>>> print(open('final31.txt').read())   # compact mmCIF, C-alpha atoms
# COMPACT_ATOMS: atom_id res chain seq x y z
CA MET A 1237 22.32 72.64 157.79
CA SER A 1238 20.50 73.41 154.56
CA ALA A 1239 18.82 76.70 153.67
CA LEU A 1240 15.32 75.24 154.04
CA GLN A 1241 16.02 74.09 157.60
CA LEU A 1242 17.43 77.51 158.55
CA TYR A 1243 14.31 79.27 157.27
CA GLN A 1244 12.07 76.79 159.08
CA LEU A 1245 13.98 77.36 162.33
CA VAL A 1246 13.45 81.13 162.03
CA ALA A 1247 9.74 80.52 161.43
CA LEU A 1248 9.64 78.23 164.47
CA PHE A 1249 11.30 80.96 166.55
CA LEU A 1250 8.59 83.42 165.51
CA LEU A 1251 5.88 80.90 166.43
CA CYS A 1252 7.36 80.25 169.89
CA VAL A 1253 7.95 83.91 170.73
CA GLY A 1254 4.40 84.66 169.63
CA LEU A 1255 3.02 81.88 171.84
CA TYR A 1256 5.03 83.14 174.82
CA GLY A 1257 3.80 86.69 174.34
CA PHE A 1258 0.22 85.61 173.80
CA ILE A 1259 0.11 84.01 177.24
CA TRP A 1260 2.44 86.41 179.05
CA ARG A 1261 0.87 89.69 177.97
CA ARG A 1262 -2.06 91.30 179.76
CA SER A 1263 -3.58 93.81 177.38
CA LEU A 1264 -5.52 92.80 174.29
CA VAL A 1265 -3.46 94.97 171.94
CA SER A 1266 -0.18 93.31 172.84
CA MET A 1267 -1.84 89.91 172.43
CA LEU A 1268 -2.71 91.06 168.90
CA ILE A 1269 0.95 91.95 168.32
CA SER A 1270 1.99 88.43 169.41
CA LEU A 1271 -0.63 86.97 167.06
CA GLU A 1272 0.87 88.92 164.15
CA LEU A 1273 4.30 87.46 165.00
CA MET A 1274 2.88 83.93 164.82
CA LEU A 1275 1.13 84.60 161.49
CA ASN A 1276 4.39 85.97 160.08
CA GLY A 1277 6.13 82.76 161.05
CA ALA A 1278 3.44 80.79 159.25
CA GLY A 1279 3.87 82.80 156.05
CA LEU A 1280 7.65 82.48 156.19
CA SER A 1281 7.38 78.71 156.63
CA ILE A 1282 4.95 78.35 153.70
CA VAL A 1283 7.08 80.36 151.27
CA ALA A 1284 10.32 78.64 152.34
CA ALA A 1285 8.78 75.20 151.91
CA SER A 1286 7.51 76.02 148.43
CA GLN A 1287 10.60 77.87 147.17
CA HIS A 1288 13.23 75.36 148.31
CA THR A 1289 11.51 72.07 147.43
CA ALA A 1290 9.93 70.63 144.31
CA ALA A 1291 6.49 71.81 145.46
CA ASN A 1292 4.45 74.25 143.40
CA ALA A 1293 6.10 77.63 144.01
CA VAL A 1294 3.14 79.65 142.69
CA LEU A 1295 0.82 77.93 145.17
CA GLY A 1296 3.19 78.67 148.06
CA GLN A 1297 3.54 82.37 147.27
CA LEU A 1298 -0.19 82.81 146.76
CA GLY A 1299 -0.84 80.94 150.01
CA ALA A 1300 1.42 83.37 151.87
CA LEU A 1301 -0.49 86.23 150.24
CA LEU A 1302 -3.74 84.66 151.50
CA VAL A 1303 -2.32 84.45 155.02
CA MET A 1304 -1.48 88.17 154.83
CA GLY A 1305 -5.02 89.00 153.73
CA LEU A 1306 -6.49 86.97 156.58
CA ALA A 1307 -4.14 88.73 159.02
CA ALA A 1308 -5.34 92.11 157.78
CA ALA A 1309 -9.00 91.11 158.14
CA GLU A 1310 -8.37 89.72 161.62
CA ALA A 1311 -6.51 92.87 162.72
CA THR A 1312 -9.45 95.02 161.59
CA LEU A 1313 -11.97 92.95 163.55
CA VAL A 1314 -9.76 92.82 166.64
CA LEU A 1315 -9.40 96.61 166.54
CA ALA A 1316 -13.21 96.99 166.60
CA ILE A 1317 -13.58 94.41 169.38
CA VAL A 1318 -10.87 96.10 171.48
CA LEU A 1319 -12.66 99.43 171.03
CA VAL A 1320 -15.97 97.98 172.21
CA VAL A 1321 -14.31 96.26 175.19
CA THR A 1322 -12.49 99.46 176.19
CA GLN A 1323 -15.66 101.53 176.09
CA ARG A 1324 -17.68 98.99 178.06
CA PHE A 1325 -15.11 97.88 180.68
CA LYS A 1326 -12.93 101.05 180.75
CA THR A 1327 -9.78 98.92 180.38
CA SER A 1328 -8.18 96.80 177.69
CA GLU A 1329 -6.94 94.04 179.96
CA SER A 1330 -7.93 90.54 178.97
CA ILE A 1331 -8.54 89.51 182.59
CA SER A 1332 -11.36 92.02 183.04
CA VAL A 1333 -13.35 90.49 180.18
CA SER A 1334 -12.99 86.93 181.44
CA GLU A 1335 -15.36 87.29 184.39
CA LEU A 1336 -18.96 86.19 183.95
CA LYS A 1337 -21.91 88.26 185.12
CA GLY A 1338 -23.76 87.09 188.24
CA MET B 1424 24.10 79.72 149.74
CA GLU B 1425 26.96 82.01 148.90
CA SER B 1426 28.86 83.74 151.69
CA LEU B 1427 27.17 87.07 150.90
CA ALA B 1428 23.80 85.37 151.27
CA HIS B 1429 24.97 84.00 154.63
CA ILE B 1430 25.77 87.53 155.80
CA ALA B 1431 22.39 88.81 154.60
CA PHE B 1432 20.65 85.90 156.33
CA GLY B 1433 22.48 86.69 159.56
CA VAL B 1434 21.54 90.37 159.42
CA TYR B 1435 17.87 89.64 158.73
CA THR B 1436 17.74 86.96 161.41
CA ALA B 1437 19.29 89.34 163.96
CA LEU B 1438 16.64 91.91 163.01
CA ILE B 1439 13.90 89.32 163.47
CA VAL B 1440 15.20 88.02 166.80
CA GLY B 1441 15.80 91.48 168.27
CA GLY B 1442 12.49 92.84 167.02
CA ALA B 1443 10.51 89.86 168.29
CA CYS B 1444 12.11 90.06 171.74
CA ILE B 1445 11.31 93.80 171.95
CA ALA B 1446 7.77 93.15 170.73
CA VAL B 1447 7.11 90.57 173.41
CA LEU B 1448 9.06 91.96 176.37
CA ALA B 1449 8.78 95.77 176.14
CA ARG B 1450 6.63 97.43 178.77
CA SER B 1451 5.47 100.25 176.53
CA LEU B 1452 3.04 99.25 173.81
CA VAL B 1453 4.50 101.67 171.28
CA ARG B 1454 7.99 100.18 171.74
CA SER B 1455 6.46 96.76 171.33
CA LEU B 1456 4.91 97.91 168.04
CA VAL B 1457 8.27 99.23 166.84
CA GLY B 1458 9.76 95.81 167.58
CA LEU B 1459 6.99 94.21 165.53
CA VAL B 1460 7.77 96.51 162.60
CA ALA B 1461 11.46 95.56 162.78
CA THR B 1462 10.48 91.89 162.70
CA LEU B 1463 8.23 92.50 159.69
CA PHE B 1464 11.10 94.14 157.81
CA GLY B 1465 13.36 91.22 158.68
CA VAL B 1466 10.83 88.72 157.35
CA ALA B 1467 10.50 90.79 154.16
CA GLY B 1468 14.29 90.59 153.79
CA LEU B 1469 14.12 86.79 154.13
CA TYR B 1470 11.46 86.71 151.39
CA LEU B 1471 13.84 88.68 149.16
CA LEU B 1472 16.59 86.20 149.98
CA MET B 1473 14.45 83.25 148.91
CA ALA B 1474 13.74 84.88 145.52
CA ALA B 1475 10.18 85.99 146.22
CA PRO B 1476 10.37 89.78 145.72
CA PHE B 1477 6.63 90.18 145.13
CA ILE B 1478 5.81 88.62 148.50
CA ALA B 1479 8.44 90.82 150.17
CA PHE B 1480 6.85 93.90 148.62
CA MET B 1481 3.39 92.76 149.72
CA GLN B 1482 4.71 92.08 153.22
CA ILE B 1483 5.93 95.67 153.51
CA LEU B 1484 2.78 97.06 151.91
CA ILE B 1485 0.20 95.09 153.91
CA TYR B 1486 1.92 94.56 157.26
CA VAL B 1487 4.12 97.62 157.70
CA GLY B 1488 1.77 99.94 155.84
CA GLY B 1489 -1.57 98.56 156.93
CA VAL B 1490 -1.64 96.27 159.94
CA SER B 1491 0.90 98.18 162.04
CA VAL B 1492 -1.03 101.43 161.48
CA LEU B 1493 -4.20 99.61 162.60
CA ILE B 1494 -2.43 98.41 165.76
CA PHE B 1495 -1.18 101.95 166.37
CA PHE B 1496 -4.77 103.20 166.16
CA ALA B 1497 -5.76 100.50 168.66
CA ILE B 1498 -3.02 101.70 171.06
CA MET B 1499 -4.14 105.33 170.73
CA LEU B 1500 -7.85 104.61 171.10
CA THR B 1501 -7.43 102.46 174.21
CA HIS B 1502 -5.36 105.16 175.98
CA ALA B 1503 -2.73 102.56 176.88
CA ALA B 1504 -0.29 104.23 179.26
CA PRO B 1505 3.29 102.91 179.48
CA THR B 1506 2.81 102.44 183.23
CA GLY B 1507 -0.53 100.70 182.80
CA ASP B 1508 -1.57 97.09 182.49
CA GLU B 1509 1.72 95.63 181.33
CA SER B 1510 3.91 96.82 184.18
CA LYS B 1511 1.85 95.18 186.93
CA SER B 1512 3.31 92.06 188.47
CA ARG B 1513 2.03 88.68 187.39
CA PRO B 1514 1.66 85.41 189.31
CA VAL B 1515 4.52 82.92 189.00
CA ARG B 1516 2.14 80.37 187.55
CA LYS B 1517 1.53 82.61 184.53
CA ARG B 1518 5.25 82.81 183.77
CA LEU B 1519 5.51 79.03 184.08
CA ASN B 1520 2.54 78.60 181.75
CA ALA B 1521 4.06 80.93 179.18
CA ILE B 1522 7.46 79.21 179.28
CA PHE B 1523 5.78 75.80 179.02
CA ALA B 1524 3.72 76.91 176.02
CA MET B 1525 6.90 78.19 174.36
CA THR B 1526 9.21 75.24 175.05
CA VAL B 1527 7.00 72.31 174.09
CA PRO B 1528 6.46 73.22 170.40
CA ALA B 1529 10.02 74.60 170.23
CA VAL B 1530 11.64 71.33 171.33
CA VAL B 1531 9.33 69.00 169.41
CA LEU B 1532 9.39 70.92 166.13
CA ALA B 1533 13.11 71.81 166.30
CA ILE B 1534 14.01 68.12 166.67
CA GLN B 1535 11.71 67.30 163.77
CA ILE B 1536 13.25 70.01 161.57
CA ILE B 1537 16.90 69.31 162.40
CA VAL B 1538 16.81 65.50 162.41
CA HIS B 1539 14.04 64.52 160.03
CA GLY B 1540 13.57 67.70 157.97
CA PRO B 1541 13.96 67.49 154.20
CA LYS B 1542 17.16 69.01 152.87
CA GLY B 1543 15.52 70.82 149.96
CA PHE B 1544 17.31 72.62 147.16
CA GLU B 1545 20.10 75.06 147.90
CA MET B 1546 18.87 77.51 145.26
CA PRO B 1547 15.27 78.75 145.46
CA SER B 1548 13.02 78.29 142.46
CA GLU B 1549 12.24 81.44 140.48
CA VAL B 1550 8.64 82.44 139.84
CA SER B 1551 7.93 85.37 137.55
CA LEU B 1552 5.17 87.89 138.24
CA PRO B 1553 3.08 86.87 135.16
CA GLU B 1554 3.00 83.30 136.50
CA LEU B 1555 1.65 84.55 139.83
CA GLY B 1556 -0.99 86.61 138.05
CA ALA B 1557 -2.00 83.66 135.88
CA GLY B 1558 -2.28 81.56 139.04
CA LEU B 1559 -4.54 84.14 140.69
CA LEU B 1560 -6.87 84.31 137.69
CA GLY B 1561 -6.65 80.64 136.82
CA PRO B 1562 -6.60 77.73 139.27
CA TYR B 1563 -6.81 79.84 142.46
CA LEU B 1564 -9.57 82.21 141.35
CA LEU B 1565 -12.01 80.97 144.02
CA ALA B 1566 -9.57 81.62 146.87
CA PHE B 1567 -8.81 85.07 145.43
CA GLU B 1568 -12.49 85.99 145.35
CA LEU B 1569 -13.19 84.48 148.78
CA ILE B 1570 -10.42 86.46 150.45
CA SER B 1571 -11.93 89.66 149.07
CA VAL B 1572 -15.33 88.64 150.49
CA VAL B 1573 -13.70 87.87 153.86
CA LEU B 1574 -11.97 91.27 153.87
CA PHE B 1575 -15.24 93.03 153.00
CA VAL B 1576 -17.17 91.21 155.73
CA ALA B 1577 -14.44 92.00 158.29
CA MET B 1578 -14.44 95.71 157.40
CA ALA B 1579 -18.24 95.89 157.45
CA GLY B 1580 -18.38 94.03 160.78
CA ALA B 1581 -15.75 96.32 162.31
CA ILE B 1582 -17.68 99.43 161.24
CA MET B 1583 -20.94 97.94 162.58
CA LEU B 1584 -19.39 97.12 165.96
CA ALA B 1585 -17.69 100.48 166.44
CA TRP B 1586 -20.61 102.50 165.08
CA ARG B 1587 -23.29 100.92 167.30
CA GLN B 1588 -21.17 101.47 170.37
CA TRP B 1589 -20.52 105.06 169.37
CA GLY B 1590 -24.21 105.78 168.75
CA LYS B 1591 -25.16 104.73 172.30
CA ARG B 1592 -23.36 107.61 173.97
>>> encode(input="final31.txt", output="structure tokens")
Amino acid sequence: MSALQLYQLVALFLLCVGLYGFIWRRSLVSMLISLELMLNGAGLSIVAASQHTAANAVLGQLGALLVMGLAAAEATLVLAIVLVVTQRFKTSESISVSELKG
Amino acid sequence: MESLAHIAFGVYTALIVGGACIAVLARSLVRSLVGLVATLFGVAGLYLLMAAPFIAFMQILIYVGGVSVLIFFAIMLTHAAPTGDESKSRPVRKRLNAIFAMTVPAVVLAIQIIVHGPKGFEMPSEVSLPELGAGLLGPYLLAFELISVVLFVAMAGAIMLAWRQWGKR
């Protein structure tokens, strides 16, 4: 198996573990942790695909950098949303937010 | 890859696999965060292995230095107890759903990668730091500026959300 395929398999593992955790976990913070795992897999896949093929390597590395910036922005927003949810519902479980009023 | 590179790949992959399993399965949220940090270090090591040291450095700086601290703040501010939400029992259907969501992309994409995936080069291509800088200020200037706007809007929105809630008390 070539190096590119090994890197892609590791990235796929990160994606699948993140998906499992995203559905399995109850609290919003641990769902955020699973989301970060998935985003890491995406970055790893992008950089591996650009470094080990004839594709533009600069574009791949800058794309991974962009993914990291988006992950940071998303983590900031999720932190604020989790804070608001905790103060309003007194818990950070995702199930408590899913019920409609009425 | 040389044999030394194989050993390094194995070590980093073990770090990633162990860290990801702890991050997903640990009851305590702080342990789960420690697993995430281990995974982030492993991914940074893989970046080093594929000759992208700048991205590895940025991974450690942004994720380990920034995002994990943010998540730690989230854990502290939500008063998440180790015996809290995560240790309650779940319905069987939820476990089935989670396993289904994990296996379907795993099987489909793994077959695609192993059977039809491109072989690629054995040696990664080298990109120097000046080339990356020229790329950021040249053809990808718009994306560079837009990501700063996105970051600014996210920070401002987070402060707005938290501040309005805080002012109500």
>>> residues_around(input="final31.txt", residues="Tyr1256 in chain A", least_positions_apart="2", cutoff="10 Å", atoms="all atoms listed in the file", output="tab-separated table (two decimals) with C-alpha atoms, in the frame of the given file")
chain	number	residue	atom	x	y	z
A	1250	LEU	CA	8.59	83.42	165.51
A	1251	LEU	CA	5.88	80.90	166.43
A	1252	CYS	CA	7.36	80.25	169.89
A	1253	VAL	CA	7.95	83.91	170.73
A	1254	GLY	CA	4.40	84.66	169.63
A	1258	PHE	CA	0.22	85.61	173.80
A	1259	ILE	CA	0.11	84.01	177.24
A	1260	TRP	CA	2.44	86.41	179.05
A	1261	ARG	CA	0.87	89.69	177.97
A	1267	MET	CA	-1.84	89.91	172.43
A	1270	SER	CA	1.99	88.43	169.41
B	1447	VAL	CA	7.11	90.57	173.41
B	1448	LEU	CA	9.06	91.96	176.37
B	1518	ARG	CA	5.25	82.81	183.77
B	1520	ASN	CA	2.54	78.60	181.75
B	1521	ALA	CA	4.06	80.93	179.18
B	1522	ILE	CA	7.46	79.21	179.28
B	1523	PHE	CA	5.78	75.80	179.02
B	1524	ALA	CA	3.72	76.91	176.02
B	1525	MET	CA	6.90	78.19	174.36
B	1526	THR	CA	9.21	75.24	175.05
>>> atom_distance(input="final31.txt", atom1="CA of Ala1239 in chain A", atom2="CA of Glu1425 in chain B")
10.8 Å
>>> residues_near_point(input="final31.txt", point="(-12.3, 96.0, 160.4)", cutoff="7 Å", atoms="only C-alpha atoms", output="ChimeraX atom specification")
/A:1309,1311-1313,1315-1316 /B:1577-1582
>>> residues_around(input="final31.txt", residues="Glu1272 in chain A", least_positions_apart="3", cutoff="8 Å", atoms="all atoms listed in the file", output="ChimeraX atom specification")
/A:1254,1268-1269,1275-1276,1307
>>> closest_residue(input="final31.txt", among="B:Val1515, B:Ala1479, B:Leu1564, B:Ile1498", to="chain A", atoms="all atoms listed in the file")
B:Ile1498
>>> residues_near_point(input="final31.txt", point="(-17.4, 99.0, 170.1)", cutoff="12 Å", atoms="all atoms listed in the file", output="count of residues only")
30
>>> atom_distance(input="final31.txt", atom1="CA of Gln1535 in chain B", atom2="CA of Lys1517 in chain B")
27.7 Å
>>> atom_distance(input="final31.txt", atom1="CA of Val1573 in chain B", atom2="CA of Ile1282 in chain A")
20.9 Å
>>> closest_residue(input="final31.txt", among="B:Leu1463, B:Val1572, B:Val1487, B:Met1473", to="Ser1548 in chain B", atoms="all atoms listed in the file")
B:Met1473
>>> closest_residue(input="final31.txt", among="B:Gly1465, B:Gly1561, B:Gly1543, B:Pro1476", to="chain A", atoms="all atoms listed in the file")
B:Gly1543
>>> closest_residue(input="final31.txt", among="B:Arg1454, B:Thr1462, B:Val1492, B:Pro1562", to="Met1274 in chain A", atoms="all atoms listed in the file")
B:Thr1462
>>> closest_residue(input="final31.txt", among="A:Leu1255, A:Leu1273, A:Met1237, A:Leu1306", to="Ala1443 in chain B", atoms="all atoms listed in the file")
A:Leu1273
>>> closest_residue(input="final31.txt", among="A:Ser1266, A:Gln1287, A:Asn1292, A:Gln1241", to="Glu1329 in chain A", atoms="all atoms listed in the file")
A:Ser1266
>>> residues_around(input="final31.txt", residues="Ile1570 in chain B", least_positions_apart="2", cutoff="12 Å", atoms="only C-alpha atoms", output="PyMOL selection string")
(chain A and resi 1298-1299+1301-1310) or (chain B and resi 1559+1563-1568+1572-1577)
